[in-house]
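Enquirer: Sending over a structure as structure tokens; questions will come in a sec.
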Amino acid sequence: QKPNIIIVILESFGREKIQFYNPQTHGSITPFLDSLLAQSLAYNGWANGRRSIEALPAILAGIPSLMPIDYPSSAYAGNELKGMGTLLKAEGYQTAFFHGGNNGTMHFDASAKTLGFDSYFGRNEYDDDSDFDGRWGIFDDAFFSFTVDEMSRFEPPFAAALFSLSSHHPFTLPDGFEAQKKLSPFENSIRYTDFALRNLFAKASRQSWFQNSVFVITADHSHPEAETPWFKSSLGIYAIPLAIYSPQLEAHGLQAKMAQHTDIMPTLLSLIDYPEDFLAFGNNLLDSSASSWHISYINQSYQLNEGDYLLQFDGSQTTGFFALAKDSLLQNDLKEQRLPIQKSLEEQLKAIIQQYNNRMITNDLFVK
């Protein structure tokens, strides 16, 4: 039987606050996530965007926002997509999207429908405002428990996306969860969502569908107010967790290759032996022959990160080229040296941009 698929998207969970990725730090605020990542195929993950609204097309359709405005708000938002929900439904999956926020928040409900998810569960469907945080929606722990209950009503195989909420400003905590005074409000909200995630997995593990399920754990984007220099850099601001967990998974630990949001859909489709062609601006992480790279768009400039190099390109010429192994803070621009690897990355990036722009303009974002 095909595995159930559950994608957990953690609000603002950049790698900076996760001890698994920063073992030199003392006192983890994500103890459960650390343990889960250690039992998963974990990657140095990269978001393709900086906002929640950009994350959904990248994660659930393999489409990044490579333009001045995020794709869902652009003139191309009406383009026809075949997102993961659409593709999985054709394979017999029941599909649902869960977000505890006020229905309509960030147009998540409309985006989920566009991406092919049949059912949407938000604050309205939760229907108990005793767990309302006073601003955004339902506290994570309560909504995560509700999510497991709803998934247990589905007929396998099912595919669900769950987007957390409580680590969003103003970082409200529920009564009964005590903040640590030494931590910032954001850090305490991360602690709380980690607590909620622990309870989610504890409850899910008791369900009949758990053993035949694949989980993807990631974040929509990093926290916008990073503290350390690398996480403030034009590359580090995209650093997020990305991991694949399954009770049946044998391999685990931090993998050598990088992973980006747009790799998630190709990877999951490979796990279910999806038989048709599809379009995604990413690769199957489980294919050892596939290259790993990360693309983003910031300040009117494209960024392509592959291996130990970062290329910055304004659409017509290279504006920066950095060797990350020796220059992680991007202080020594090598573009005038015109190294062979720079030329190679320029050609690769130009090809991606051409494909992306042409497909956007001609409404050709899926394989016909």
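By order of appearance in the structure tokens: chains A, B, ..., then residues from 1 within every chain, and ligands from 1 in the order shown.
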Counting only C-alpha atoms, which residues of stretch 163-269 of chain A fall within 9 Å of stretch 279-290 of chain A, and what is the closest atom pair for each with its distance in Å at one decimal, ordered by chain and rising number, as a Markdown table?

Expert:
```
| residue | atom | partner | partner_atom | distance |
| --- | --- | --- | --- | --- |
| A:Lys257 | CA | A:Leu285 | CA | 8.2 |
| A:Met258 | CA | A:Leu285 | CA | 8.7 |
| A:Ala259 | CA | A:Leu285 | CA | 7.1 |
| A:Gln260 | CA | A:Gly282 | CA | 7.5 |
| A:His261 | CA | A:Gly282 | CA | 7.9 |
| A:Thr262 | CA | A:Gly282 | CA | 4.7 |
| A:Asp263 | CA | A:Gly282 | CA | 4.4 |
| A:Ile264 | CA | A:Asn284 | CA | 7.5 |
| A:Met265 | CA | A:Ala280 | CA | 7.6 |
| A:Pro266 | CA | A:Asn284 | CA | 4.9 |
| A:Thr267 | CA | A:Asn284 | CA | 4.2 |
| A:Leu268 | CA | A:Asn284 | CA | 7.9 |
| A:Leu269 | CA | A:Asn284 | CA | 8.4 |
```

Enquirer: List the spatial neighbours of stretch 96-105 of chain A as an MDAnalysis selection string - criterion: any atom at most 8 Å away, only C-alpha atoms, same-chain residues fewer than 4 positions off excluded.

Expert: chainID A and resid 109:110 112 117:124 126 136:140 143 147 159:165

Enquirer: Go ahead and write the selection's residues with C-alpha atoms as a JSON list (two decimals), in the first residue's frame.

Expert:
```json
[["chain", "number", "residue", "atom", "x", "y", "z"],
["A", 109, "ASP", "CA", -7.28, 28.25, 1.97],
["A", 110, "ALA", "CA", -7.33, 29.52, -1.62],
["A", 112, "ALA", "CA", -4.47, 24.93, -0.81],
["A", 117, "PHE", "CA", -6.01, 19.82, -1.65],
["A", 118, "ASP", "CA", -9.64, 18.77, -1.33],
["A", 119, "SER", "CA", -10.26, 19.68, 2.29],
["A", 120, "TYR", "CA", -9.17, 22.70, 4.35],
["A", 121, "PHE", "CA", -9.19, 22.77, 8.13],
["A", 122, "GLY", "CA", -8.71, 26.11, 9.88],
["A", 123, "ARG", "CA", -10.02, 27.96, 12.92],
["A", 124, "ASN", "CA", -13.60, 27.69, 11.65],
["A", 126, "TYR", "CA", -11.74, 23.60, 14.73],
["A", 136, "TRP", "CA", -3.92, 34.57, 14.69],
["A", 137, "GLY", "CA", -5.86, 31.43, 15.46],
["A", 138, "ILE", "CA", -5.74, 28.21, 17.48],
["A", 139, "PHE", "CA", -2.72, 27.39, 19.63],
["A", 140, "ASP", "CA", -0.48, 24.76, 18.04],
["A", 143, "PHE", "CA", -4.73, 22.26, 16.74],
["A", 147, "THR", "CA", -5.21, 17.40, 13.08],
["A", 159, "ALA", "CA", -1.75, 13.26, 2.12],
["A", 160, "ALA", "CA", -1.89, 16.19, 4.51],
["A", 161, "ALA", "CA", -0.01, 19.44, 4.97],
["A", 162, "LEU", "CA", 0.06, 20.96, 8.46],
["A", 163, "PHE", "CA", 1.25, 24.56, 8.89],
["A", 164, "SER", "CA", 2.00, 25.66, 12.46],
["A", 165, "LEU", "CA", 1.06, 29.07, 13.85]]
```

Enquirer: Work out how far atom CA of A:Gln211 is from atom CA of A:Arg198, in Å to one decimal.

Expert: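 We find that atom CA of A:Arg198 and atom CA of A:Gln211 lie 16.8 Å from each other.
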
Enquirer: Between A:Tyr356, A:Tyr238, A:Tyr297, A:Trp209, which residue has the minimum interatomic distance to A:Ile69, considering only C-alpha atoms?

Expert: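 Distance minimum relative to A:Ile69 lands on A:Tyr297.
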
Enquirer: What does the structure give for the distance between atom CA of A:Thr86 and atom CA of A:Thr218, in Å to one decimal?

Expert: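 Computed distance, atom CA of A:Thr86 to atom CA of A:Thr218, equals 21.1 Å.
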
Enquirer: Quick check, in Å to one decimal: how far apart do atom CA of A:Asp314 and atom CA of A:Met360 lie?

Expert: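 So the two atoms, atom CA of A:Asp314 and atom CA of A:Met360, lie 18.6 Å apart.
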
Enquirer: Could you check which of A:Ser208, A:Asn79, A:Ser233, A:Ser40 is closest to A:Tyr245, using only C-alpha atoms?

Expert: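 Of A:Ser208, A:Asn79, A:Ser233, A:Ser40, the one nearest A:Tyr245 is A:Ser40, counting only C-alpha atoms.
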
Enquirer: I need the residue nearest A:Tyr192 from this list: A:Asp308, A:Glu11, A:Glu54, A:Glu347. Use only C-alpha atoms for the distance.

Expert: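 Of A:Asp308, A:Glu11, A:Glu54, A:Glu347, the one nearest A:Tyr192, counting only C-alpha atoms, is A:Glu11.
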
Enquirer: Could you name the residues that touch A:Asp220 at 12 Å or less, counting only C-alpha atoms, but leaving out those on the same chain fewer than 6 positions away, as a VMD selection string?

Expert: chain A and resid 7 to 15 45 to 60 162 to 165 167 to 168 237 to 242 260 to 262

Enquirer: Hey, can you spit out that residue selection with C-alpha atoms as a CSV table (one decimal), in the first residue's frame?

Expert:
```csv
chain,number,residue,atom,x,y,z
A,7,ILE,CA,4.2,17.6,5.5
A,8,VAL,CA,4.7,19.6,8.6
A,9,ILE,CA,5.6,23.3,8.0
A,10,LEU,CA,6.9,25.1,11.1
A,11,GLU,CA,6.4,28.9,11.2
A,12,SER,CA,9.7,30.8,11.3
A,13,PHE,CA,11.8,27.8,12.4
A,14,GLY,CA,15.1,28.9,10.9
A,15,ARG,CA,18.1,26.6,11.5
A,45,GLY,CA,17.6,22.9,4.2
A,46,TRP,CA,16.9,26.1,2.3
A,47,ALA,CA,13.7,28.0,1.8
A,48,ASN,CA,13.2,29.5,-1.7
A,49,GLY,CA,11.5,32.6,-0.3
A,50,ARG,CA,11.3,34.8,2.8
A,51,ARG,CA,7.5,34.8,3.4
A,52,SER,CA,4.9,32.2,4.3
A,53,ILE,CA,2.9,32.9,1.1
A,54,GLU,CA,6.0,32.0,-1.0
A,55,ALA,CA,6.5,28.7,0.8
A,56,LEU,CA,3.4,26.9,-0.3
A,57,PRO,CA,4.0,26.8,-4.1
A,58,ALA,CA,7.6,25.9,-3.5
A,59,ILE,CA,6.9,23.1,-1.1
A,60,LEU,CA,3.7,21.8,-2.6
A,162,LEU,CA,0.1,21.0,8.5
A,163,PHE,CA,1.3,24.6,8.9
A,164,SER,CA,2.0,25.7,12.5
A,165,LEU,CA,1.1,29.1,13.9
A,167,SER,CA,5.8,30.9,16.5
A,168,HIS,CA,4.4,34.0,14.7
A,237,ILE,CA,18.5,34.2,5.9
A,238,TYR,CA,17.2,31.2,3.9
A,239,ALA,CA,18.5,28.5,6.2
A,240,ILE,CA,15.8,26.2,7.5
A,241,PRO,CA,15.4,22.5,8.6
A,242,LEU,CA,14.4,19.9,6.1
A,260,GLN,CA,15.5,23.2,-0.9
A,261,HIS,CA,11.7,23.5,-0.7
A,262,THR,CA,11.3,22.7,-4.4
```

Enquirer: Counting only C-alpha atoms, which residues of stretch 194-306 of chain A fall within 12 Å of stretch 322-329 of chain A, and what is the closest atom pair for each with its distance in Å at one decimal, ordered by chain and rising number, as CSV?

Expert:
```
residue,atom,partner,partner_atom,distance
A:Thr228,CA,A:Leu329,CA,10.6
A:Pro229,CA,A:Leu329,CA,7.2
A:Trp230,CA,A:Leu329,CA,5.8
A:Phe231,CA,A:Leu329,CA,9.1
A:Lys232,CA,A:Leu329,CA,9.0
A:Ser233,CA,A:Leu329,CA,6.4
A:Ser234,CA,A:Leu329,CA,8.9
A:Leu235,CA,A:Leu329,CA,8.8
A:Gly236,CA,A:Leu329,CA,8.8
A:Ile237,CA,A:Leu329,CA,11.7
A:Gln303,CA,A:Phe322,CA,11.0
A:Leu304,CA,A:Phe322,CA,10.7
A:Asn305,CA,A:Leu324,CA,9.3
A:Glu306,CA,A:Leu324,CA,9.8
```

Enquirer: Could you please take those selected residues and save N, CA and C atoms as a tab-separated table (two decimals), in the first residue's frame?

Expert:
```tsv
chain	number	residue	atom	x	y	z
A	228	THR	N	22.94	36.01	14.68
A	228	THR	CA	24.35	35.76	14.36
A	228	THR	C	24.66	36.16	12.92
A	229	PRO	N	25.90	36.59	12.66
A	229	PRO	CA	26.23	37.16	11.34
A	229	PRO	C	25.89	36.27	10.16
A	230	TRP	N	26.21	34.96	10.25
A	230	TRP	CA	25.94	34.12	9.08
A	230	TRP	C	24.46	34.04	8.78
A	231	PHE	N	23.63	33.92	9.82
A	231	PHE	CA	22.19	33.81	9.60
A	231	PHE	C	21.57	35.13	9.17
A	232	LYS	N	22.33	36.22	9.25
A	232	LYS	CA	21.88	37.52	8.73
A	232	LYS	C	22.31	37.74	7.29
A	233	SER	N	23.21	36.91	6.78
A	233	SER	CA	23.73	37.10	5.43
A	233	SER	C	22.65	36.83	4.39
A	234	SER	N	22.90	37.25	3.14
A	234	SER	CA	21.90	37.08	2.09
A	234	SER	C	21.68	35.62	1.73
A	235	LEU	N	22.56	34.74	2.19
A	235	LEU	CA	22.34	33.30	2.04
A	235	LEU	C	21.76	32.71	3.31
A	236	GLY	N	22.33	33.05	4.46
A	236	GLY	CA	21.90	32.48	5.73
A	236	GLY	C	20.46	32.76	6.09
A	237	ILE	N	19.89	33.84	5.56
A	237	ILE	CA	18.49	34.15	5.87
A	237	ILE	C	17.52	33.11	5.30
A	303	GLN	N	19.95	34.42	-6.69
A	303	GLN	CA	21.08	33.76	-6.03
A	303	GLN	C	21.02	32.27	-6.36
A	304	LEU	N	22.16	31.72	-6.76
A	304	LEU	CA	22.28	30.28	-6.97
A	304	LEU	C	23.42	29.77	-6.12
A	305	ASN	N	23.10	28.85	-5.23
A	305	ASN	CA	24.07	28.25	-4.33
A	305	ASN	C	24.23	26.79	-4.72
A	306	GLU	N	25.44	26.42	-5.09
A	306	GLU	CA	25.73	25.01	-5.41
A	306	GLU	C	27.12	24.68	-4.89
```

Enquirer: Go through A:Gly176, A:Pro3, A:Gly315, A:Pro23 one by one, measure the shortest atom-to-atom distance of each to A:Met67 using only C-alpha atoms, and give the residue with the smallest value.

Expert: A:Gly315

Enquirer: At a cut-off of 12 Å, using only C-alpha atoms, what residues contact A:Gln355? Leave out same-chain residues fewer than 5 positions from it and give the result as a PyMOL selection string.

Expert: chain A and resi 63+66+279-281+348-350+360-366

Enquirer: Determine which residues of stretch 37-213 of chain A receive a DSSP assignment of strand (DSSP E), computed from the backbone, and state them as a PyMOL selection string.

Expert: chain A and resi 41-46+94-99+119-121+158-163+213

Enquirer: Write a file of the just-selected residues containing C-alpha atoms, as a PDB file, in the first residue's frame.

Expert:
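Dumped everything to again18.pdb:
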```pdb
ATOM      1  CA  LEU A  41      17.130  11.810   6.772  1.00  0.00           C
ATOM      2  CA  ALA A  42      18.048  15.379   7.681  1.00  0.00           C
ATOM      3  CA  TYR A  43      19.433  18.003   5.341  1.00  0.00           C
ATOM      4  CA  ASN A  44      20.853  21.478   5.500  1.00  0.00           C
ATOM      5  CA  GLY A  45      17.616  22.910   4.214  1.00  0.00           C
ATOM      6  CA  TRP A  46      16.941  26.092   2.296  1.00  0.00           C
ATOM      7  CA  GLN A  94      -7.338  11.786   0.016  1.00  0.00           C
ATOM      8  CA  THR A  95      -5.827  15.265   0.468  1.00  0.00           C
ATOM      9  CA  ALA A  96      -6.187  17.901   3.185  1.00  0.00           C
ATOM     10  CA  PHE A  97      -4.521  21.090   4.381  1.00  0.00           C
ATOM     11  CA  PHE A  98      -4.437  22.134   8.045  1.00  0.00           C
ATOM     12  CA  HIS A  99      -3.660  25.580   9.442  1.00  0.00           C
ATOM     13  CA  SER A 119     -10.260  19.681   2.293  1.00  0.00           C
ATOM     14  CA  TYR A 120      -9.175  22.699   4.346  1.00  0.00           C
ATOM     15  CA  PHE A 121      -9.192  22.769   8.128  1.00  0.00           C
ATOM     16  CA  PHE A 158      -3.941  10.214   2.535  1.00  0.00           C
ATOM     17  CA  ALA A 159      -1.745  13.264   2.121  1.00  0.00           C
ATOM     18  CA  ALA A 160      -1.890  16.192   4.514  1.00  0.00           C
ATOM     19  CA  ALA A 161      -0.013  19.438   4.971  1.00  0.00           C
ATOM     20  CA  LEU A 162       0.062  20.964   8.458  1.00  0.00           C
ATOM     21  CA  PHE A 163       1.252  24.558   8.887  1.00  0.00           C
ATOM     22  CA  SER A 213       3.486   7.130   6.882  1.00  0.00           C
TER      23      SER A 213
END
```

Enquirer: Please run DSSP on the backbone and report, as a ChimeraX atom specification, all residues within stretch 159-278 of chain A that come out as helix (DSSP H, G or I).

Expert: /A:185-204,210-212,229-232,236-238,261-271

Enquirer: May I have the selected residues written with C-alpha atoms, as a tab-separated table (two decimals), in the first residue's frame?

Expert:
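Resulting contents of result_31.tsv:
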```tsv
chain	number	residue	atom	x	y	z
A	185	PRO	CA	9.27	35.78	23.37
A	186	PHE	CA	10.18	34.25	20.00
A	187	GLU	CA	12.41	31.61	21.61
A	188	ASN	CA	9.66	30.70	24.06
A	189	SER	CA	7.22	30.32	21.17
A	190	ILE	CA	9.71	27.96	19.49
A	191	ARG	CA	9.87	25.96	22.75
A	192	TYR	CA	6.09	25.78	22.78
A	193	THR	CA	5.74	24.59	19.19
A	194	ASP	CA	8.45	21.99	19.86
A	195	PHE	CA	6.34	20.81	22.81
A	196	ALA	CA	3.29	20.67	20.53
A	197	LEU	CA	5.27	18.73	17.92
A	198	ARG	CA	6.29	16.17	20.56
A	199	ASN	CA	2.64	15.67	21.48
A	200	LEU	CA	1.64	15.41	17.82
A	201	PHE	CA	4.08	12.56	17.21
A	202	ALA	CA	3.17	10.85	20.48
A	203	LYS	CA	-0.51	10.85	19.51
A	204	ALA	CA	0.15	9.99	15.86
A	210	PHE	CA	1.43	5.84	11.56
A	211	GLN	CA	3.69	2.92	10.62
A	212	ASN	CA	2.96	3.37	6.93
A	229	PRO	CA	26.23	37.16	11.34
A	230	TRP	CA	25.94	34.12	9.08
A	231	PHE	CA	22.19	33.81	9.60
A	232	LYS	CA	21.88	37.52	8.73
A	236	GLY	CA	21.90	32.48	5.73
A	237	ILE	CA	18.49	34.15	5.87
A	238	TYR	CA	17.17	31.18	3.87
A	261	HIS	CA	11.74	23.55	-0.71
A	262	THR	CA	11.34	22.72	-4.38
A	263	ASP	CA	12.99	19.31	-3.82
A	264	ILE	CA	10.18	18.14	-1.54
A	265	MET	CA	7.55	17.31	-4.17
A	266	PRO	CA	9.94	15.38	-6.49
A	267	THR	CA	11.22	13.40	-3.51
A	268	LEU	CA	7.78	12.43	-2.22
A	269	LEU	CA	6.54	11.51	-5.69
A	270	SER	CA	9.55	9.21	-6.07
A	271	LEU	CA	8.66	7.48	-2.80
```
